[in-house]
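Notes follow once the structure below has been shown.
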Amino acid sequence: MKRYILIFGDIVVLAIITLIGFAAHREADPSYLPRMGATFIPLTLAWFLLSFQLGLFQPEIASSPKALWKPAYTMLFAAPLAVTLRGLLLNTPLLPIFALVLTFSSAVGMTLWRGIYLLLTRKTP
């Protein structure tokens, strides 16, 4: 059951990061939903492709405070992959500054979420 909580939380965090990014550019009204999807979907695909491969859903990693750096590390690769996928999907140039901002904001957001998950699921003696 905890794996499903992690998966749901990861999706929510990626959606929030996408919404915050568009809101920062004053592009958060419903007319931007297709472009939001063109950012959210590649980011989500890249995240889950790499996070499952790197074991971020294994109980011993997901519940370890010592492994809290792993979501940020994973996002170092997932966000640039997502920017590449997005560029291919939209047939637009890849913007390095977008990749950097998406990497940093996603790494922070995912690390915060995984930290909250750790606090909520830790076992107290």
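Each chain in the structure tokens gets a letter, A, B, ..., in the order shown, and its residues are numbered from 1; ligands are numbered from 1 in order too.
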Go through region 42-99 of chain A and flag each residue having an atom no more than 10 Å from region 7-21 of chain A; for those, report the closest pair of atoms plus their distance in Å to one decimal, using only C-alpha atoms, ordered by chain and rising number, as a Markdown table.
```
| residue | atom | partner | partner_atom | distance |
| --- | --- | --- | --- | --- |
| A:Leu43 | CA | A:Leu14 | CA | 7.4 |
| A:Thr44 | CA | A:Leu14 | CA | 6.8 |
| A:Trp47 | CA | A:Asp10 | CA | 8.8 |
| A:Phe48 | CA | A:Ile7 | CA | 8.6 |
| A:Phe57 | CA | A:Ile7 | CA | 8.3 |
```
For C-alpha atoms, I'd like the residues from the last selection saved as a compact mmCIF listing (two decimals), in the first residue's frame.
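The result, written out as selection_26.txt:
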```
# COMPACT_ATOMS: atom_id res chain seq x y z
CA LEU A 43 8.27 14.88 -16.69
CA THR A 44 6.13 12.16 -15.15
CA TRP A 47 10.57 10.43 -13.41
CA PHE A 48 8.91 7.04 -13.19
CA PHE A 57 10.06 2.61 -4.51
```
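Contact shell of Thr39 (chain A) at 8 Å (only C-alpha atoms; same-chain neighbours under 5 positions omitted): Thr18, Ala82, Val83 and Arg86 of chain A.
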Those residues you just picked out, can you put them in a file as an mmCIF file, in the first residue's frame with all heavy atoms?
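File part27.cif, as written:
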```cif
data_model
loop_
_atom_site.group_PDB
_atom_site.id
_atom_site.type_symbol
_atom_site.label_atom_id
_atom_site.label_comp_id
_atom_site.auth_asym_id
_atom_site.auth_seq_id
_atom_site.Cartn_x
_atom_site.Cartn_y
_atom_site.Cartn_z
ATOM 1 N N THR A 18 4.542 21.600 -12.067
ATOM 2 C CA THR A 18 4.135 22.073 -13.394
ATOM 3 C C THR A 18 3.226 23.297 -13.271
ATOM 4 O O THR A 18 3.439 24.307 -13.962
ATOM 5 C CB THR A 18 3.413 20.950 -14.162
ATOM 6 O OG1 THR A 18 4.285 19.824 -14.277
ATOM 7 C CG2 THR A 18 3.003 21.410 -15.551
ATOM 8 N N ALA A 82 13.045 14.805 -19.595
ATOM 9 C CA ALA A 82 11.696 15.340 -19.814
ATOM 10 C C ALA A 82 11.730 16.541 -20.753
ATOM 11 O O ALA A 82 10.865 16.673 -21.627
ATOM 12 C CB ALA A 82 11.064 15.732 -18.483
ATOM 13 N N VAL A 83 12.708 17.416 -20.595
ATOM 14 C CA VAL A 83 12.829 18.583 -21.481
ATOM 15 C C VAL A 83 13.085 18.126 -22.916
ATOM 16 O O VAL A 83 12.525 18.684 -23.863
ATOM 17 C CB VAL A 83 13.939 19.531 -20.978
ATOM 18 C CG1 VAL A 83 14.251 20.608 -22.003
ATOM 19 C CG2 VAL A 83 13.531 20.161 -19.650
ATOM 20 N N ARG A 86 9.833 16.701 -24.199
ATOM 21 C CA ARG A 86 8.909 17.819 -24.444
ATOM 22 C C ARG A 86 9.268 18.535 -25.741
ATOM 23 O O ARG A 86 8.399 18.882 -26.537
ATOM 24 C CB ARG A 86 8.964 18.795 -23.272
ATOM 25 C CG ARG A 86 8.064 19.995 -23.423
ATOM 26 C CD ARG A 86 8.264 20.951 -22.232
ATOM 27 N NE ARG A 86 7.474 22.141 -22.374
ATOM 28 C CZ ARG A 86 7.880 23.242 -22.999
ATOM 29 N NH1 ARG A 86 9.079 23.293 -23.545
ATOM 30 N NH2 ARG A 86 7.091 24.289 -23.079
#
```
Next on the checklist: Taking only region 9-55 of chain A into account, list the residues labelled alpha helix (DSSP H) by DSSP (computed from the backbone), as an NGL selection string.
Outcome noted: :A and (9-24 or 33-53)
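Candidate residues A:Ala24, A:Leu85, A:Ser63, A:Met75 were compared for distance to Gly109 (chain A), and the nearest is A:Met75, using only C-alpha atoms.
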Checklist entry - Rounded to one decimal in Å, what is the spacing between CA of Met110 (chain A) and CA of Ala67 (chain A)? => result 12.8 Å
Next on the checklist: At a cut-off of 12 Å, using only C-alpha atoms, what residues contact Pro65 (chain A)? Leave out same-chain residues fewer than 4 positions from it and give the result as a VMD selection string.
Outcome noted: chain A and resid 59 to 61 69 to 71 111 to 112 114 to 119 121 to 122
Pull N, CA, C and O atoms from the residues just selected and write them as a CSV table (one decimal), in the first residue's frame.
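Contents of selection-v9.csv, freshly written:
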```csv
chain,number,residue,atom,x,y,z
A,59,PRO,N,11.1,-0.5,-0.4
A,59,PRO,CA,10.8,-0.1,1.0
A,59,PRO,C,12.1,0.4,1.7
A,59,PRO,O,12.0,1.3,2.5
A,60,GLU,N,13.2,-0.4,1.5
A,60,GLU,CA,14.4,0.0,2.3
A,60,GLU,C,15.0,1.3,1.8
A,60,GLU,O,15.7,2.0,2.6
A,61,ILE,N,14.7,1.8,0.6
A,61,ILE,CA,15.2,3.1,0.2
A,61,ILE,C,14.2,4.1,0.5
A,61,ILE,O,14.5,5.2,1.0
A,69,TRP,N,18.6,11.8,-0.4
A,69,TRP,CA,19.3,12.5,-1.5
A,69,TRP,C,18.9,11.8,-2.9
A,69,TRP,O,19.1,12.5,-3.9
A,70,LYS,N,18.5,10.6,-2.9
A,70,LYS,CA,18.2,9.9,-4.1
A,70,LYS,C,17.1,10.5,-5.0
A,70,LYS,O,17.3,10.5,-6.3
A,71,PRO,N,16.0,11.1,-4.5
A,71,PRO,CA,15.1,11.7,-5.4
A,71,PRO,C,15.7,12.9,-6.2
A,71,PRO,O,15.5,13.1,-7.4
A,111,THR,N,12.2,16.0,-3.2
A,111,THR,CA,12.9,15.7,-1.9
A,111,THR,C,12.0,16.2,-0.8
A,111,THR,O,12.0,15.4,0.2
A,112,LEU,N,11.4,17.3,-0.9
A,112,LEU,CA,10.5,17.7,0.2
A,112,LEU,C,9.3,16.7,0.4
A,112,LEU,O,9.0,16.3,1.5
A,114,ARG,N,9.3,13.5,-0.4
A,114,ARG,CA,9.8,12.2,0.1
A,114,ARG,C,10.2,12.4,1.6
A,114,ARG,O,10.0,11.5,2.3
A,115,GLY,N,10.6,13.6,2.0
A,115,GLY,CA,10.9,13.8,3.4
A,115,GLY,C,9.6,13.8,4.2
A,115,GLY,O,9.6,13.3,5.3
A,116,ILE,N,8.6,14.4,3.7
A,116,ILE,CA,7.3,14.4,4.4
A,116,ILE,C,6.8,12.9,4.5
A,116,ILE,O,6.3,12.5,5.5
A,117,TYR,N,6.9,12.2,3.4
A,117,TYR,CA,6.6,10.8,3.4
A,117,TYR,C,7.3,10.0,4.5
A,117,TYR,O,6.7,9.2,5.3
A,118,LEU,N,8.6,10.3,4.7
A,118,LEU,CA,9.4,9.7,5.7
A,118,LEU,C,8.8,10.0,7.1
A,118,LEU,O,8.7,9.1,8.0
A,119,LEU,N,8.5,11.3,7.3
A,119,LEU,CA,8.0,11.7,8.6
A,119,LEU,C,6.6,11.0,8.9
A,119,LEU,O,6.4,10.6,10.0
A,121,THR,N,5.5,8.2,7.8
A,121,THR,CA,5.5,6.7,7.8
A,121,THR,C,6.5,6.1,8.8
A,121,THR,O,6.6,4.9,8.9
A,122,ARG,N,7.3,7.0,9.4
A,122,ARG,CA,8.3,6.4,10.3
A,122,ARG,C,7.7,5.7,11.5
A,122,ARG,O,6.6,6.0,12.0
```
